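Visitor: To be precise about what I am sending: the file is called final24.cif and holds mmCIF, C-alpha atoms.
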data_model
#
loop_
_atom_site.label_atom_id
_atom_site.label_comp_id
_atom_site.auth_asym_id
_atom_site.auth_seq_id
_atom_site.Cartn_x
_atom_site.Cartn_y
_atom_site.Cartn_z
CA MET A 1 148.40 90.00 69.44
CA ASN A 2 148.58 86.25 68.81
CA HIS A 3 146.51 86.57 65.65
CA SER A 4 148.55 89.49 64.31
CA VAL A 5 151.88 87.79 64.98
CA ARG A 6 150.55 84.69 63.22
CA LEU A 7 149.75 86.81 60.16
CA LEU A 8 153.26 88.29 60.10
CA LEU A 9 155.10 85.00 60.55
CA SER A 10 152.87 83.12 58.16
CA ALA A 11 153.41 85.75 55.47
CA ALA A 12 157.16 85.74 56.04
CA LEU A 13 157.38 81.98 55.76
CA ALA A 14 155.16 81.87 52.69
CA LEU A 15 157.31 84.32 50.79
CA ALA A 16 160.58 82.87 52.02
CA GLN A 17 159.59 79.52 50.53
CA ALA A 18 158.83 80.93 47.10
CA GLY A 19 161.17 78.82 45.00
CA ALA A 20 163.56 78.34 47.93
CA TRP A 21 164.58 74.85 49.00
CA ALA A 22 167.07 74.30 51.81
CA TRP A 23 169.85 73.31 49.40
CA SER A 24 169.12 73.65 45.69
CA ASN A 25 170.13 70.11 44.70
CA HIS A 26 171.04 67.70 47.48
CA THR A 27 172.56 65.11 45.14
CA LEU A 28 175.77 66.99 44.34
CA PRO A 29 176.85 67.69 47.96
CA THR A 30 175.80 64.16 48.96
CA TYR A 31 178.19 62.69 46.37
CA ARG A 32 181.02 64.74 47.88
CA ALA A 33 180.06 63.94 51.49
CA PHE A 34 180.34 60.19 50.84
CA ASP A 35 182.81 59.72 47.99
CA THR A 36 185.65 58.94 50.40
CA MET A 37 183.61 57.15 53.09
CA PRO A 38 184.61 53.46 52.94
CA GLU A 39 181.09 52.15 53.60
CA LEU A 40 179.99 53.82 50.34
CA ALA A 41 183.07 54.26 48.20
CA GLN A 42 184.05 50.58 48.54
CA ALA A 43 180.55 49.07 48.69
CA ALA A 44 179.63 46.39 46.17
CA PRO A 45 176.98 47.24 43.56
CA VAL A 46 173.36 46.50 44.44
CA LEU A 47 170.60 45.28 42.13
CA ALA A 48 167.90 47.80 41.29
CA GLU A 49 164.43 46.67 42.25
CA PRO A 50 161.00 48.23 41.62
CA LEU A 51 159.24 49.39 44.77
CA GLU A 52 156.39 46.96 44.13
CA LEU A 53 158.68 43.95 44.47
CA PHE A 54 160.04 45.11 47.82
CA LEU A 55 156.52 45.79 49.12
CA ARG A 56 155.24 42.40 47.98
CA ALA A 57 158.20 40.47 49.43
CA GLN A 58 158.14 42.25 52.81
CA GLU A 59 154.47 43.12 53.17
CA LYS A 60 153.95 41.80 56.72
CA PRO A 61 157.22 43.22 58.18
CA ILE A 62 156.43 46.56 56.53
CA ALA A 63 152.94 46.57 58.04
CA ASP A 64 154.40 45.89 61.49
CA LEU A 65 157.06 48.57 61.01
CA LEU A 66 154.59 51.25 59.92
CA ALA A 67 152.48 50.48 63.00
CA SER A 68 155.54 50.96 65.22
CA GLN A 69 156.39 54.21 63.41
CA GLU A 70 152.95 55.56 64.27
CA THR A 71 153.45 54.66 67.93
CA TRP A 72 156.85 56.38 67.89
CA ALA A 73 155.44 59.58 66.37
CA ARG A 74 152.60 59.77 68.86
CA THR A 75 155.08 59.31 71.72
CA HIS A 76 157.89 61.63 70.61
CA MET A 77 156.17 64.42 68.65
CA PRO A 78 153.91 66.51 70.94
CA HIS A 79 152.22 68.30 68.02
CA TYR A 80 151.82 65.24 65.84
CA ALA A 81 148.52 64.70 63.99
CA PRO A 82 147.74 60.97 64.40
CA ARG A 83 147.19 58.84 61.33
CA ALA A 84 143.62 57.63 60.82
CA ASP A 85 142.93 53.90 61.09
CA THR A 86 141.61 53.99 57.51
CA LEU A 87 145.18 54.68 56.32
CA VAL A 88 146.83 51.78 58.14
CA PHE A 89 148.91 49.51 55.88
CA ARG A 90 147.76 45.92 56.34
CA ALA A 91 149.19 42.79 54.74
CA ASP A 92 146.93 41.54 51.96
CA ALA A 93 148.44 39.05 49.51
CA SER A 94 145.31 39.11 47.34
CA ARG A 95 145.63 42.73 46.18
CA SER A 96 147.48 43.94 43.09
CA ASP A 97 150.92 45.52 43.12
CA ALA A 98 149.36 48.87 42.21
CA GLU A 99 146.91 48.67 45.10
CA ARG A 100 149.66 47.69 47.54
CA ARG A 101 151.83 50.60 46.37
CA GLN A 102 149.02 53.12 46.85
CA ALA A 103 148.24 51.71 50.29
CA PHE A 104 151.92 52.11 51.23
CA LEU A 105 152.04 55.74 50.06
CA ALA A 106 148.80 56.49 51.93
CA ALA A 107 150.13 54.94 55.14
CA LEU A 108 153.25 57.13 54.89
CA ARG A 109 150.97 60.04 54.04
CA ILE A 110 152.92 61.17 51.01
CA SER A 111 151.59 62.20 47.62
CA PRO A 112 150.04 59.35 45.63
CA LEU A 113 151.59 61.00 42.56
CA SER A 114 155.11 60.23 43.86
CA ARG A 115 157.03 58.54 41.06
CA PHE A 116 159.56 56.32 42.87
CA ALA A 117 160.98 55.56 39.42
CA LEU A 118 164.09 53.47 38.89
CA TYR A 119 166.55 56.22 38.03
CA LEU A 120 169.84 57.84 38.96
CA GLN A 121 170.98 61.45 38.96
CA PRO A 122 174.62 61.10 37.85
CA ASP A 123 177.41 63.05 39.47
CA LEU A 124 177.97 66.23 37.46
CA ARG A 125 181.64 65.27 37.28
CA HIS A 126 180.64 62.57 34.78
CA THR A 127 178.80 62.80 31.47
CA PRO A 128 175.63 60.67 31.50
CA ASP A 129 174.81 58.26 28.70
CA PRO A 130 172.45 60.26 26.45
CA THR A 131 170.68 57.10 25.31
CA ARG A 132 169.49 56.48 28.89
CA ARG A 133 168.16 59.96 29.52
CA LEU A 134 164.85 60.13 31.38
CA PRO A 135 162.50 63.11 31.01
CA HIS A 136 162.00 65.28 34.06
CA ASP A 137 158.40 64.20 34.62
CA ALA A 138 159.33 60.52 34.74
CA VAL A 139 161.01 61.22 38.10
CA ASN A 140 159.53 64.49 39.37
CA PHE A 141 155.89 65.45 38.86
CA LEU A 142 156.54 69.10 39.82
CA PRO A 143 157.25 71.68 37.08
CA GLU A 144 160.86 71.78 35.88
CA GLN A 145 162.64 74.93 37.07
CA ASP A 146 164.55 77.36 34.86
CA ASN A 147 168.28 76.58 34.53
CA ASP A 148 167.84 73.25 36.36
CA GLU A 149 171.08 71.26 36.07
CA ARG A 150 169.51 67.93 37.13
CA ARG A 151 169.77 65.13 34.57
CA PHE A 152 168.13 61.76 35.14
CA VAL A 153 169.06 58.41 33.63
CA ARG A 154 167.06 55.22 33.42
CA VAL A 155 167.91 52.17 35.53
CA GLU A 156 166.59 48.74 34.58
CA PRO A 157 165.21 46.21 37.09
CA GLY A 158 168.01 43.89 38.12
CA GLU A 159 170.73 46.29 36.93
CA ALA A 160 173.80 46.59 39.18
CA VAL A 161 174.20 50.15 40.46
CA ALA A 162 176.63 51.82 42.86
CA PRO A 163 175.23 52.40 46.37
CA LEU A 164 176.72 55.90 46.39
CA ALA A 165 174.77 56.80 43.26
CA VAL A 166 171.54 55.39 44.73
CA LEU A 167 172.02 57.24 48.03
CA ALA A 168 173.02 60.56 46.45
CA SER A 169 170.18 60.47 43.91
CA ALA A 170 167.56 59.68 46.57
CA SER A 171 168.80 62.47 48.85
CA ASP A 172 167.20 64.99 46.47
CA GLU A 173 163.99 63.00 45.87
CA PRO A 174 161.75 64.47 48.62
CA ASP A 175 161.83 67.74 46.65
CA TYR A 176 160.16 65.94 43.71
CA GLY A 177 156.64 66.28 45.12
CA LEU A 178 156.47 63.68 47.88
CA ASP A 179 155.33 66.27 50.44
CA ILE A 180 153.15 68.43 48.21
CA ASN A 181 149.47 69.21 48.95
CA LEU A 182 149.09 66.99 52.02
CA TRP A 183 146.82 69.35 54.03
CA ASP A 184 143.10 69.70 54.62
CA ASP A 185 143.07 72.98 52.67
CA SER A 186 145.24 71.67 49.82
CA PRO A 187 143.72 71.36 46.33
CA SER A 188 143.94 67.56 46.47
CA ASP A 189 141.70 64.69 47.50
CA TRP A 190 144.44 62.96 49.48
CA GLY A 191 145.23 66.03 51.56
CA LYS A 192 141.72 65.95 52.95
CA ARG A 193 142.15 62.25 53.89
CA TYR A 194 145.59 62.45 55.49
CA GLY A 195 144.55 64.27 58.66
CA PHE A 196 147.41 66.75 59.08
CA GLY A 197 144.94 69.63 59.47
CA THR A 198 145.23 72.94 57.63
CA LEU A 199 148.57 74.21 56.36
CA PRO A 200 150.20 75.76 59.48
CA PHE A 201 152.00 78.50 57.57
CA GLY A 202 152.25 79.64 53.97
CA ASN A 203 149.76 79.80 51.13
CA PRO A 204 147.95 76.50 50.42
CA ALA A 205 147.36 77.60 46.81
CA LEU A 206 151.13 77.64 46.13
CA TYR A 207 152.30 74.08 45.67
CA TYR A 208 155.87 74.71 46.86
CA ALA A 209 154.66 76.27 50.12
CA THR A 210 152.78 73.13 51.09
CA GLN A 211 155.95 71.05 51.50
CA ALA A 212 157.66 73.54 53.83
CA PRO A 213 156.33 72.17 57.17
CA PHE A 214 157.83 68.77 56.30
CA HIS A 215 161.26 70.24 55.55
CA MET A 216 161.60 72.88 58.29
CA GLY A 217 161.89 72.48 62.05
CA PHE A 218 161.72 75.48 64.38
CA TYR A 219 162.59 73.57 67.55
CA HIS A 220 164.75 76.15 69.32
CA GLN A 221 162.92 79.49 69.12
CA ASP A 222 162.35 81.84 72.03
CA TRP A 223 159.39 80.76 74.20
CA LEU A 224 157.65 84.03 73.38
CA ILE A 225 157.45 83.03 69.73
CA TYR A 226 155.81 79.72 70.64
CA LYS A 227 153.39 81.59 72.89
CA ALA A 228 152.44 84.00 70.15
CA ALA A 229 152.54 81.54 67.25
CA PRO A 230 152.15 77.93 68.42
CA PHE A 231 151.38 76.86 64.85
CA ILE A 232 155.09 76.92 63.93
CA GLN A 233 155.55 73.77 66.00
CA ARG A 234 153.42 71.76 63.57
CA THR A 235 156.32 70.57 61.45
CA TYR A 236 157.18 67.04 60.36
CA PRO A 237 160.83 66.40 59.43
CA LEU A 238 161.22 64.11 62.47
CA MET A 239 158.36 61.95 61.22
CA ARG A 240 159.89 61.63 57.76
CA ILE A 241 163.34 60.81 59.15
CA GLN A 242 161.89 58.09 61.38
CA GLN A 243 159.81 56.64 58.55
CA TYR A 244 162.55 56.43 55.95
CA SER A 245 165.44 55.51 58.25
CA SER A 246 163.57 52.58 59.77
CA LEU A 247 162.39 51.43 56.32
CA SER A 248 166.02 51.57 55.22
CA ALA A 249 167.12 49.37 58.13
CA LEU A 250 164.33 46.89 57.34
CA ALA A 251 165.37 46.76 53.69
CA PHE A 252 168.98 46.05 54.62
CA ARG A 253 167.97 43.35 57.12
CA SER A 254 165.79 41.60 54.57
CA GLY A 255 168.35 41.61 51.74
CA HIS A 256 166.83 44.44 49.69
CA ASP A 257 169.98 46.54 49.69
CA TYR A 258 168.88 48.77 46.82
CA TRP A 259 165.93 49.99 48.88
CA GLY A 260 168.17 50.16 51.94
CA TRP A 261 170.24 52.82 50.20
CA ARG A 262 167.23 54.44 48.52
CA PHE A 263 165.32 54.92 51.78
CA ALA A 264 168.51 56.06 53.52
CA GLY A 265 168.86 58.79 50.89
CA LEU A 266 165.27 59.90 51.49
CA ALA A 267 165.94 60.17 55.23
CA LEU A 268 169.12 62.15 54.56
CA HIS A 269 167.18 64.85 52.75
CA TYR A 270 165.41 66.01 55.90
CA ILE A 271 168.59 65.83 58.00
CA GLN A 272 170.37 67.92 55.39
CA ASP A 273 167.53 70.45 55.20
CA LEU A 274 167.90 71.14 58.91
CA THR A 275 171.59 72.04 58.50
CA GLN A 276 170.37 75.15 56.65
CA PRO A 277 169.80 78.04 59.11
CA TYR A 278 166.78 79.23 57.13
CA HIS A 279 165.09 75.89 57.80
CA ALA A 280 165.92 75.79 61.52
CA ASP A 281 165.40 79.44 62.50
CA LEU A 282 162.17 81.32 61.93
CA SER A 283 163.77 84.61 60.90
CA PRO A 284 167.60 84.47 60.93
CA GLY A 285 169.18 87.66 62.20
CA ASP A 286 165.97 89.06 63.71
CA SER A 287 165.18 89.09 67.42
CA THR A 288 161.89 87.97 68.92
CA LEU A 289 161.10 91.46 70.19
CA GLY A 290 162.06 92.91 66.83
CA LEU A 291 159.63 90.60 65.04
CA ILE A 292 156.80 91.48 67.40
CA GLY A 293 157.63 95.20 67.25
CA THR A 294 157.59 95.08 63.46
CA ASN A 295 154.16 93.54 63.55
CA VAL A 296 152.85 96.08 66.07
CA LEU A 297 153.83 98.85 63.67
CA ALA A 298 152.07 97.07 60.81
CA MET A 299 148.90 96.66 62.85
CA ALA A 300 149.05 100.36 63.69
CA GLY A 301 148.98 101.20 60.00
CA PHE A 302 152.71 101.28 59.26
CA PRO A 303 153.37 98.01 57.34
CA LYS A 304 156.49 99.04 55.45
CA ARG A 305 158.95 97.58 57.94
CA ARG A 306 157.06 94.27 57.96
CA ASP A 307 156.88 94.10 54.18
CA ASN A 308 160.59 94.90 53.87
CA LEU A 309 161.48 92.18 56.38
CA ILE A 310 159.59 89.55 54.40
CA VAL A 311 161.33 90.42 51.12
CA LEU A 312 164.79 90.54 52.70
CA LEU A 313 164.28 87.20 54.43
CA SER A 314 163.50 85.59 51.08
CA ASN A 315 166.34 87.34 49.24
CA ARG A 316 169.01 86.29 51.74
CA HIS A 317 167.78 82.71 51.80
CA LEU A 318 167.91 82.50 48.01
CA ALA A 319 171.32 84.18 47.79
CA LEU A 320 172.86 81.69 50.22
CA GLU A 321 171.53 78.73 48.24
CA LYS A 322 172.52 80.17 44.90
CA PHE A 323 176.10 80.78 46.00
CA GLN A 324 176.46 77.19 47.22
CA ASN A 325 174.86 75.70 44.12
CA GLU A 326 176.63 77.86 41.54
CA SER A 327 179.97 77.21 43.18
CA MET A 328 179.55 73.43 43.37
CA VAL A 329 178.12 73.08 39.87
CA ARG A 330 181.00 75.08 38.42
CA SER A 331 183.67 73.07 40.26
CA ALA A 332 181.98 69.74 39.42
CA ARG A 333 181.96 70.51 35.71
CA ALA A 334 185.59 71.58 35.92
CA GLY A 335 186.54 68.48 37.92
CA THR A 336 188.14 70.59 40.65
CA ASP A 337 187.67 71.01 44.39
CA THR A 338 187.05 74.16 46.38
CA PRO A 339 186.81 74.61 50.16
CA LEU A 340 183.15 73.56 49.85
CA GLU A 341 183.96 70.09 48.50
CA ASN A 342 186.78 69.67 51.00
CA ALA A 343 184.47 70.63 53.86
CA LEU A 344 181.85 68.11 52.79
CA ARG A 345 184.42 65.29 52.88
CA GLU A 346 185.97 66.30 56.22
CA SER A 347 185.18 63.42 58.57
CA ARG A 348 187.28 64.28 61.62
CA ARG A 349 184.34 66.12 63.22
CA ASP A 350 181.91 63.22 62.82
CA THR A 351 182.68 61.69 66.21
CA ALA A 352 182.34 65.03 68.01
CA TYR A 353 178.55 64.73 67.82
CA PRO A 354 176.27 62.56 69.97
CA ALA A 355 175.30 59.12 68.75
CA TRP A 356 172.67 59.15 66.03
CA SER A 357 169.03 58.56 66.98
CA PRO A 358 165.66 59.50 65.44
CA LEU A 359 165.80 62.70 67.57
CA TYR A 360 169.33 63.58 66.42
CA ALA A 361 167.84 65.94 63.81
CA ARG A 362 166.05 68.00 66.45
CA ASP A 363 168.54 67.89 69.32
CA THR A 364 171.79 68.20 67.37
CA VAL A 365 171.32 69.22 63.73
CA ALA A 366 168.60 71.86 64.07
CA ARG A 367 170.06 73.29 67.26
CA GLU A 368 173.44 73.79 65.62
CA ALA A 369 171.88 75.45 62.55
CA HIS A 370 169.68 77.69 64.71
CA GLU A 371 172.71 78.83 66.71
CA SER A 372 174.63 79.68 63.52
CA ALA A 373 171.81 81.70 61.96
CA GLU A 374 172.92 85.13 63.15
CA GLN A 375 176.52 84.66 61.99
CA THR A 376 175.30 83.36 58.64
CA VAL A 377 173.20 86.49 58.07
CA ARG A 378 176.07 88.78 59.07
CA THR A 379 178.31 87.07 56.54
CA ILE A 380 175.71 87.30 53.77
CA LEU A 381 175.29 91.03 54.41
CA ALA A 382 179.05 91.60 54.41
CA THR A 383 179.81 89.65 51.23
CA VAL A 384 176.86 89.61 48.81
CA PRO A 385 176.18 92.78 46.79
CA ALA A 386 173.87 94.98 48.84
CA ALA A 387 171.40 95.32 45.98
CA TYR A 388 170.61 91.61 46.36
CA VAL A 389 170.31 91.26 50.13
CA SER A 390 169.80 94.72 51.64
CA ASP A 391 167.38 96.39 49.23
CA PRO A 392 163.73 95.41 49.85
CA ALA A 393 162.79 96.92 46.49
CA PHE A 394 164.69 94.09 44.77
CA ASP A 395 163.05 90.65 44.42
CA PHE A 396 165.80 88.05 44.12
CA GLY A 397 163.36 85.25 43.36
CA VAL A 398 161.85 87.04 40.37
CA LYS A 399 165.23 87.89 38.86
CA GLU A 400 167.26 84.88 39.99
CA ALA A 401 167.51 83.23 36.56
CA GLY A 402 169.46 86.21 35.25
CA ILE A 403 171.78 86.57 38.25
CA ARG A 404 175.34 85.22 38.07
CA LEU A 405 176.09 85.50 41.74
CA LEU A 406 179.64 84.15 41.75
CA ASP A 407 180.68 86.65 39.09
CA ASP A 408 178.98 89.50 40.93
CA ILE A 409 180.71 88.62 44.20
CA ASP A 410 184.08 88.22 42.46
CA ARG A 411 183.80 91.70 41.02
CA GLN A 412 183.88 93.05 44.57
CA GLY A 413 187.28 91.50 45.14
CA PRO A 414 188.66 88.25 46.60
CA THR A 415 187.96 89.08 50.25
CA GLN A 416 184.19 88.82 50.05
CA ARG A 417 184.23 85.55 48.09
CA ALA A 418 186.62 83.96 50.59
CA GLU A 419 184.60 85.10 53.61
CA LEU A 420 181.31 83.77 52.24
CA GLU A 421 183.02 80.57 51.15
CA ARG A 422 184.29 80.01 54.70
CA GLN A 423 180.79 80.42 56.14
CA VAL A 424 179.14 78.12 53.61
CA ALA A 425 181.97 75.60 54.05
CA GLN A 426 181.20 75.50 57.76
CA LEU A 427 177.55 74.75 57.04
CA LEU A 428 178.49 72.08 54.50
CA ALA A 429 180.98 70.46 56.88
CA ARG A 430 178.02 69.89 59.20
CA PHE A 431 175.94 68.69 56.23
CA GLY A 432 178.61 66.06 55.57
CA SER A 433 179.10 64.95 59.18
CA HIS A 434 175.39 64.67 59.94
CA SER A 435 174.77 62.80 56.69
CA ARG A 436 177.49 60.25 57.44
CA ASN A 437 176.37 59.86 61.04
CA THR A 438 172.82 59.21 59.84
CA VAL A 439 173.94 56.47 57.46
CA ARG A 440 176.10 54.90 60.18
CA GLY A 441 173.10 54.99 62.52
CA ILE A 442 170.89 53.26 59.95
CA LEU A 443 173.48 50.55 59.24
CA ARG A 444 173.94 50.00 62.97
CA ALA A 445 170.17 49.67 63.45
CA ALA A 446 170.01 47.15 60.63
CA ARG A 447 172.69 45.01 62.27
CA GLN A 448 171.30 45.28 65.78
CA GLN A 449 167.82 44.14 64.84
CA GLN A 450 168.89 41.04 62.96
CA PRO A 451 167.76 37.74 64.54
#
What do you get writing this file as structure tokens?
Guide:
Amino acid sequence: MNHSVRLLLSAALALAQAGAWAWSNHTLPTYRAFDTMPELAQAAPVLAEPLELFLRAQEKPIADLLASQETWARTHMPHYAPRADTLVFRADASRSDAERRQAFLAALRISPLSRFALYLQPDLRHTPDPTRRLPHDAVNFLPEQDNDERRFVRVEPGEAVAPLAVLASASDEPDYGLDINLWDDSPSDWGKRYGFGTLPFGNPALYYATQAPFHMGFYHQDWLIYKAAPFIQRTYPLMRIQQYSSLSALAFRSGHDYWGWRFAGLALHYIQDLTQPYHADLSPGDSTLGLIGTNVLAMAGFPKRRDNLIVLLSNRHLALEKFQNESMVRSARAGTDTPLENALRESRRDTAYPAWSPLYARDTVAREAHESAEQTVRTILATVPAAYVSDPAFDFGVKEAGIRLLDDIDRQGPTQRAELERQVAQLLARFGSHSRNTVRGILRAARQQQP
């Protein structure tokens, strides 16, 4: 039974990740979540700095910090795969900047192809300077997606840039390949050195599937699921949040404010991913017994129900993201606000949550998203055209480029659009609160650890 359930859940997760990120482009909602927060909106510009300069200036403190991060992960993550001693970042003033950079990436266990370019992704409410345009592959080594609205602009070393722009741009950066092909069975040399083991779920031959365990956290499933499929506990968003948030605090303490905001944005990405029910619940809307029963039928020679479940899981995930992204892109280009933008800015709920800590993502963010999964699915089924989310013969991912979801929902009448907008606004209100609480936590840590 354990093996058969593993096959079902692994297949479901693999297909659900086909082209599906938690939120399509984190930068746009991050701009809205912080554009009225005084710590960002009124912050003085910071000077852009290449990563190599930060690493060279703070090499010993960074080495000490990465050692403490490893101790933290081994203590707080029961299913953590320890980092090998050969990957430890050690201070060495004699090496080149390029060697130091690669040693840093290896110690974090992220892709050595990661760009970490000096760039910004401008707010879609503003027209970027065309003379400063950067090509996609200068920032992101993954293939550019169809209809991608991201536009990157060059930043020069020493140039003064707005902290909000740095933070918002970096909040999308972990989707640019940082967590790709890091497993023993990945088609990469570094994956075999990093020691994470084999990919716990998904297809290692599909590059986008290999990042999923770093961006999803199934911390609140029924115990029966963990019994049948313990592999789903091998996920790593907590590690990434701890790594980048503590690097951010170090950068602020040492006067490297640009990297303080840049690392804070990287940490935000994983917090924000876990506000998405499809990244915090294994199969939203489906019960544990239902999942196991579906698999029993498949093993008995009746796989149709299982196959249908996998397709529908992917379709609903993609439809939710597409509605949020289409809506926010349209309103940004028009310079108007909808309930989604207003929800992202709403700060009155921020203090209703526990104080931020490196476990906040698991204990607060993921729990809340997991508990909202069933309601989210009910709303999707009641508001999105049934052909997109209730017909397993339809593959949303294959046909997504030609779908204009907002228009299709509007044709059903105003009731459905308003109902789905309310549900997504609730998710984005949490996105905003948890993002602001994370930044406050990082800034507090930076102050508390000063001599």
Visitor: Given the PyMOL selection byres ((chain A and resi 406-412) around 8) and the file above, list the residues it selects as number ranges by chain.
Guide: A: 323, 326-327, 383-385, 404-405, 413-414, 416-417
Visitor: Please identify every residue of range 38-59 of chain A that has at least one atom no farther than 7 Å from an atom of range 249-262 of chain A, counting all atoms listed in the file, and for each give the shortest atom pair and the distance in Å to one decimal, arranged by chain then increasing number, as CSV.
Guide:
residue,atom,partner,partner_atom,distance
A:Val46,CA,A:Tyr258,CA,5.6
A:Leu47,CA,A:Tyr258,CA,6.1
A:Ala48,CA,A:Tyr258,CA,5.7
A:Glu49,CA,A:Tyr258,CA,6.7
Visitor: Counting all atoms listed in the file, which of A:Thr338, A:Gln448, A:Asn437, A:Gln423 gets nearest to Glu39 in chain A?
Guide: A:Asn437
Visitor: Give me the result of the PyMOL selection byres ((chain A and resi 218) around 7) on this file, residue by residue, as a PyMOL selection string.
Guide: chain A and resi 216-217+219-221+232-233+280-282
Visitor: Next, write the just-selected residues to a file, as a PDB file, keeping the file's coordinate frame, keeping C-alpha atoms as the atom set.
Guide:
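Wrote again12.pdb, looks like this:
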ATOM      1  CA  MET A 216     161.600  72.880  58.290  1.00  0.00           C
ATOM      2  CA  GLY A 217     161.890  72.480  62.050  1.00  0.00           C
ATOM      3  CA  TYR A 219     162.590  73.570  67.550  1.00  0.00           C
ATOM      4  CA  HIS A 220     164.750  76.150  69.320  1.00  0.00           C
ATOM      5  CA  GLN A 221     162.920  79.490  69.120  1.00  0.00           C
ATOM      6  CA  ILE A 232     155.090  76.920  63.930  1.00  0.00           C
ATOM      7  CA  GLN A 233     155.550  73.770  66.000  1.00  0.00           C
ATOM      8  CA  ALA A 280     165.920  75.790  61.520  1.00  0.00           C
ATOM      9  CA  ASP A 281     165.400  79.440  62.500  1.00  0.00           C
ATOM     10  CA  LEU A 282     162.170  81.320  61.930  1.00  0.00           C
TER      11      LEU A 282
END
Visitor: Carefully work through the PyMOL selection byres ((chain A and resi 34) around 9) for this structure and note down the residues it includes, as a PDB file with C-alpha atoms, in the frame of the given file.
Guide:
ATOM      1  CA  PRO A  29     176.850  67.690  47.960  1.00  0.00           C
ATOM      2  CA  THR A  30     175.800  64.160  48.960  1.00  0.00           C
ATOM      3  CA  TYR A  31     178.190  62.690  46.370  1.00  0.00           C
ATOM      4  CA  ARG A  32     181.020  64.740  47.880  1.00  0.00           C
ATOM      5  CA  ALA A  33     180.060  63.940  51.490  1.00  0.00           C
ATOM      6  CA  ASP A  35     182.810  59.720  47.990  1.00  0.00           C
ATOM      7  CA  THR A  36     185.650  58.940  50.400  1.00  0.00           C
ATOM      8  CA  MET A  37     183.610  57.150  53.090  1.00  0.00           C
ATOM      9  CA  PRO A  38     184.610  53.460  52.940  1.00  0.00           C
ATOM     10  CA  GLU A  39     181.090  52.150  53.600  1.00  0.00           C
ATOM     11  CA  LEU A  40     179.990  53.820  50.340  1.00  0.00           C
ATOM     12  CA  ALA A  41     183.070  54.260  48.200  1.00  0.00           C
ATOM     13  CA  LEU A 164     176.720  55.900  46.390  1.00  0.00           C
ATOM     14  CA  ALA A 168     173.020  60.560  46.450  1.00  0.00           C
ATOM     15  CA  LEU A 344     181.850  68.110  52.790  1.00  0.00           C
ATOM     16  CA  ARG A 345     184.420  65.290  52.880  1.00  0.00           C
ATOM     17  CA  GLY A 432     178.610  66.060  55.570  1.00  0.00           C
ATOM     18  CA  SER A 435     174.770  62.800  56.690  1.00  0.00           C
ATOM     19  CA  ARG A 436     177.490  60.250  57.440  1.00  0.00           C
TER      20      ARG A 436
END
Visitor: Quick one: everything within 12 Å of Arg234 in chain A, counting only C-alpha atoms, minus sequence neighbours fewer than 5 positions away in the same chain. Send it as an MDAnalysis selection string.
Guide: chainID A and resid 77:81 183 196:201 212:219 226 229 239
Visitor: Please identify all polymer residues lying at most 8 Å from the point (171.5, 65.7, 38.6) (file coordinates), using all atoms listed in the file, and present the result as a VMD selection string.
Guide: chain A and resid 25 27 to 28 121 to 124 149 to 152 169
Visitor: One decimal, Å: what's the distance from CA of Ala91 in chain A over to CA of Gln243 in chain A, could you say?
Guide: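 Value for the CA of Ala91 in chain A-CA of Gln243 in chain A distance: 17.9 Å.
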Visitor: Looking at A:Arg132, A:Gln242, A:Pro143, A:Pro50, which one is nearest to Thr71 in chain A, with distances taken over all atoms listed in the file?
Guide: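 Checking each of A:Arg132, A:Gln242, A:Pro143, A:Pro50 against Thr71 in chain A, counting all atoms listed in the file, the winner is A:Gln242.
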Visitor: Please list as a list in words every residue within 12 Å of Arg90 in chain A, counting all atoms listed in the file and excluding residues in the same chain fewer than 6 positions away.
Guide: Leu55, Arg56, Gln58, Glu59, Lys60, Pro61, Ile62, Ala63, Asp64, Leu65, Leu66, Ala67, Glu99, Arg100, Arg101, Gln102, Ala103, Phe104, Ala106 and Ala107 of chain A
